[in-house]
Amino acid sequence: MEQYIGIMSGTSMDGIDTVLVGFEDNKILRVQMHSQSFPEKLKSVLTELINSYRSEIYVLGEVDHQLALCYADAVKQLLQKSSTDSSDVVAIGCHGQTVFHSPATQFPFTMQLGDGNVIAAQTGIRTVVDFRRMDMAFGGQGAPLVPAFHQAFLYSKREKRVVLNLGGIANITVLADNDDSVLGFDTGPANCLMDAWILHCLDRKFDKDGEWAASGKVIPKLLSEMLADDYFKQPAPKSTGRELFNLDWLNKHLQGISEYRKEDVQATLLELTAASVAQSVEKYAPETDAMYVCGGGAFNKILMKRLAFHLPGARVANTEELGIHPQQMEAVAFAWLAMRRIKDEPGNLPSVTGAHKKVLLGTIYDPKTF
């Protein structure tokens, strides 16, 4: 059994998830997890960096290093918790923290921070980072990348499945009989707008179980105006992020609403997520038998109920039914993508990202010293 570590800190920035995964014959034999929060000062700098879209070069450089130290510390805690020696780990796969993603401009680029050199040096383990840019170099969106993992481990001949990840952004994977037919794309916002609004209004990091949203009522005019955004009309493959779906975007739509209660806005944002996901499933996978949900949004009880309401023909459950905890999914996927890179095997699905061909994803940083 070969062991790999995956590190994921998503768009919601709710913390760092690390997993130790044992792979053998393309089967998952062992998963152990450690999660920890970002230091508040670093999270504050990251939030400002992401929301402002501009920064001094030295801020980018320092955050790149600081994040790497946080990632390395999380790995060390995971190794200690699992009683595993670093020499028993083949490699680390680290997605890094996305601060900007612009795949559809004249000169496409994406930026994930977390210096692979520092992670490798601090842990003594080969580290694979920078997973998106090679796909983009071959004409792809660079995201989402996890659908390749979903297809490899969650496909079933018995039922037609969709996998939904509810992080800051919602993305779906439509599993298929072969890799060339798999679909995967970002459907729109998930937690990013709800988290931003409740932080702005109540100074709370997130809406636990969707309770605040449940206390409000959907504003039909606001919902219809938001759903009219051009992004929802774009065909797949496509990807998005906080660059589009942020408080500025929301406030523009609120300008046309004369009176509203803050909890009603939250209820409408939750409905936006459920409705936009459902529209995508109905368009691209109308015969879906079951939709399995992962990511932090899988624990939002009201959101899960609204998804089930909008998709009455499909069973909605979380991915624990398939053997992978909702909070572990993306980190496990990047452990697998690291394994693919170490073995010189492609990690992208062109049908998902839009790339011209399958390519190797990620750059390897080796801490070997002389």
# chains A, B, ... in the order shown; residues from 1 in each chain; ligands from 1
>>> residues_around(residues="Val174 (chain A)", least_positions_apart="5", cutoff="6 Å", atoms="only C-alpha atoms", output="mmCIF file with C-alpha atoms, in the first residue's frame")
data_model
loop_
_atom_site.group_PDB
_atom_site.id
_atom_site.type_symbol
_atom_site.label_atom_id
_atom_site.label_comp_id
_atom_site.auth_asym_id
_atom_site.auth_seq_id
_atom_site.Cartn_x
_atom_site.Cartn_y
_atom_site.Cartn_z
ATOM 1 C CA VAL A 162 -24.197 13.188 -10.123
ATOM 2 C CA VAL A 182 -17.902 12.766 -18.108
ATOM 3 C CA LEU A 183 -19.183 16.296 -17.541
#
>>> closest_atom_pairs(of="region 88-200 of chain A", to="region 43-48 of chain A", cutoff="10 Å", atoms="only C-alpha atoms", output="CSV")
residue,atom,partner,partner_atom,distance
A:Gln97,CA,A:Leu46,CA,8.9
A:Thr98,CA,A:Leu46,CA,9.7
A:Val99,CA,A:Leu46,CA,7.7
A:Leu113,CA,A:Leu46,CA,9.9
>>> write_last_selection(atoms="N, CA and C atoms", output="short mmCIF file (atom, residue, chain, number, x, y, z; two decimals), in the first residue's frame")
data_model
loop_
_atom_site.label_atom_id
_atom_site.label_comp_id
_atom_site.auth_asym_id
_atom_site.auth_seq_id
_atom_site.Cartn_x
_atom_site.Cartn_y
_atom_site.Cartn_z
N GLN A 97 -4.27 27.79 -1.99
CA GLN A 97 -5.42 28.69 -1.81
C GLN A 97 -5.60 29.57 -3.03
N THR A 98 -6.74 29.42 -3.68
CA THR A 98 -7.02 30.23 -4.87
C THR A 98 -7.29 31.67 -4.46
N VAL A 99 -6.54 32.61 -5.04
CA VAL A 99 -6.78 34.02 -4.80
C VAL A 99 -7.33 34.71 -6.05
N LEU A 113 -1.93 30.14 -3.97
CA LEU A 113 -0.78 30.39 -3.11
C LEU A 113 -0.52 29.22 -2.17
#
>>> closest_atom_pairs(of="region 156-251 of chain A", to="region 286-296 of chain A", cutoff="12 Å", atoms="only C-alpha atoms", output="Markdown table")
| residue | atom | partner | partner_atom | distance |
| --- | --- | --- | --- | --- |
| A:Ser156 | CA | A:Ala290 | CA | 10.7 |
| A:Lys157 | CA | A:Asp289 | CA | 11.5 |
| A:Arg158 | CA | A:Asp289 | CA | 9.5 |
| A:Glu159 | CA | A:Asp289 | CA | 5.9 |
| A:Lys160 | CA | A:Thr288 | CA | 5.1 |
| A:Arg161 | CA | A:Ala290 | CA | 5.2 |
| A:Val162 | CA | A:Met291 | CA | 4.7 |
| A:Val163 | CA | A:Tyr292 | CA | 4.9 |
| A:Leu164 | CA | A:Val293 | CA | 4.7 |
| A:Asn165 | CA | A:Cys294 | CA | 4.8 |
| A:Leu166 | CA | A:Gly295 | CA | 4.8 |
| A:Gly167 | CA | A:Gly295 | CA | 5.2 |
| A:Gly168 | CA | A:Gly296 | CA | 8.5 |
| A:Ile169 | CA | A:Gly295 | CA | 9.9 |
| A:Ala170 | CA | A:Gly295 | CA | 9.1 |
| A:Asn171 | CA | A:Val293 | CA | 10.1 |
| A:Ile172 | CA | A:Val293 | CA | 9.1 |
| A:Thr173 | CA | A:Met291 | CA | 9.5 |
| A:Val174 | CA | A:Thr288 | CA | 8.6 |
| A:Leu175 | CA | A:Thr288 | CA | 9.7 |
| A:Ala176 | CA | A:Thr288 | CA | 11.0 |
| A:Ala190 | CA | A:Gly296 | CA | 9.5 |
| A:Asn191 | CA | A:Gly296 | CA | 8.0 |
| A:Cys192 | CA | A:Gly296 | CA | 11.0 |
| A:Asp195 | CA | A:Gly296 | CA | 11.4 |
| A:Phe206 | CA | A:Gly296 | CA | 10.2 |
| A:Asp207 | CA | A:Gly296 | CA | 11.1 |
| A:Lys208 | CA | A:Gly296 | CA | 10.4 |
| A:Asp209 | CA | A:Gly296 | CA | 10.3 |
| A:Gly210 | CA | A:Gly296 | CA | 11.7 |
>>> select_by_dssp(residues="region 123-352 of chain A", states="strand (DSSP E or B)", output="tab-separated table (two decimals) with C-alpha atoms, in the first residue's frame")
chain	number	residue	atom	x	y	z
A	127	THR	CA	5.16	17.90	-2.74
A	128	VAL	CA	3.03	18.40	-5.84
A	129	VAL	CA	1.39	21.82	-6.35
A	161	ARG	CA	-25.04	9.54	-10.50
A	162	VAL	CA	-24.20	13.19	-10.12
A	163	VAL	CA	-21.67	14.31	-7.52
A	164	LEU	CA	-22.22	17.82	-6.16
A	165	ASN	CA	-19.51	19.70	-4.29
A	166	LEU	CA	-20.80	22.59	-2.18
A	169	ILE	CA	-18.61	27.58	-5.34
A	170	ALA	CA	-20.92	24.73	-6.36
A	171	ASN	CA	-19.71	22.27	-8.97
A	172	ILE	CA	-21.18	19.06	-10.32
A	173	THR	CA	-19.78	15.92	-11.90
A	174	VAL	CA	-22.02	13.91	-14.19
A	183	LEU	CA	-19.18	16.30	-17.54
A	184	GLY	CA	-18.14	18.59	-14.74
A	185	PHE	CA	-18.40	22.33	-14.19
A	186	ASP	CA	-19.11	25.09	-11.71
A	187	THR	CA	-22.86	25.70	-11.52
A	188	GLY	CA	-22.49	28.98	-9.61
A	189	PRO	CA	-22.23	30.14	-5.99
A	290	ALA	CA	-29.05	9.99	-7.27
A	291	MET	CA	-27.05	13.10	-6.41
A	292	TYR	CA	-24.34	12.70	-3.78
A	293	VAL	CA	-23.24	15.87	-2.01
A	294	CYS	CA	-19.87	16.72	-0.50
A	315	ARG	CA	-32.36	10.88	-4.39
A	316	VAL	CA	-30.20	13.50	-2.60
A	317	ALA	CA	-27.69	12.18	-0.07
A	318	ASN	CA	-24.18	12.96	1.09
>>> residues_around(residues="Ala278 (chain A)", least_positions_apart="4", cutoff="7 Å", atoms="only C-alpha atoms", output="list in words")
Ala274, Glu282, Leu307, His310 and Leu311 of chain A
>>> write_last_selection(atoms="C-alpha atoms", output="PDB file, in the first residue's frame")
ATOM      1  CA  ALA A 274     -30.322  25.177  -4.943  1.00  0.00           C
ATOM      2  CA  GLU A 282     -31.960  19.144 -15.379  1.00  0.00           C
ATOM      3  CA  LEU A 307     -32.009  20.604  -3.424  1.00  0.00           C
ATOM      4  CA  HIS A 310     -35.921  21.087  -6.856  1.00  0.00           C
ATOM      5  CA  LEU A 311     -34.863  17.589  -7.944  1.00  0.00           C
TER       6      LEU A 311
END
>>> closest_residue(among="A:Ala355, A:Ile92, A:Ala120, A:Leu360", to="Val19 (chain A)", atoms="only C-alpha atoms")
A:Ile92
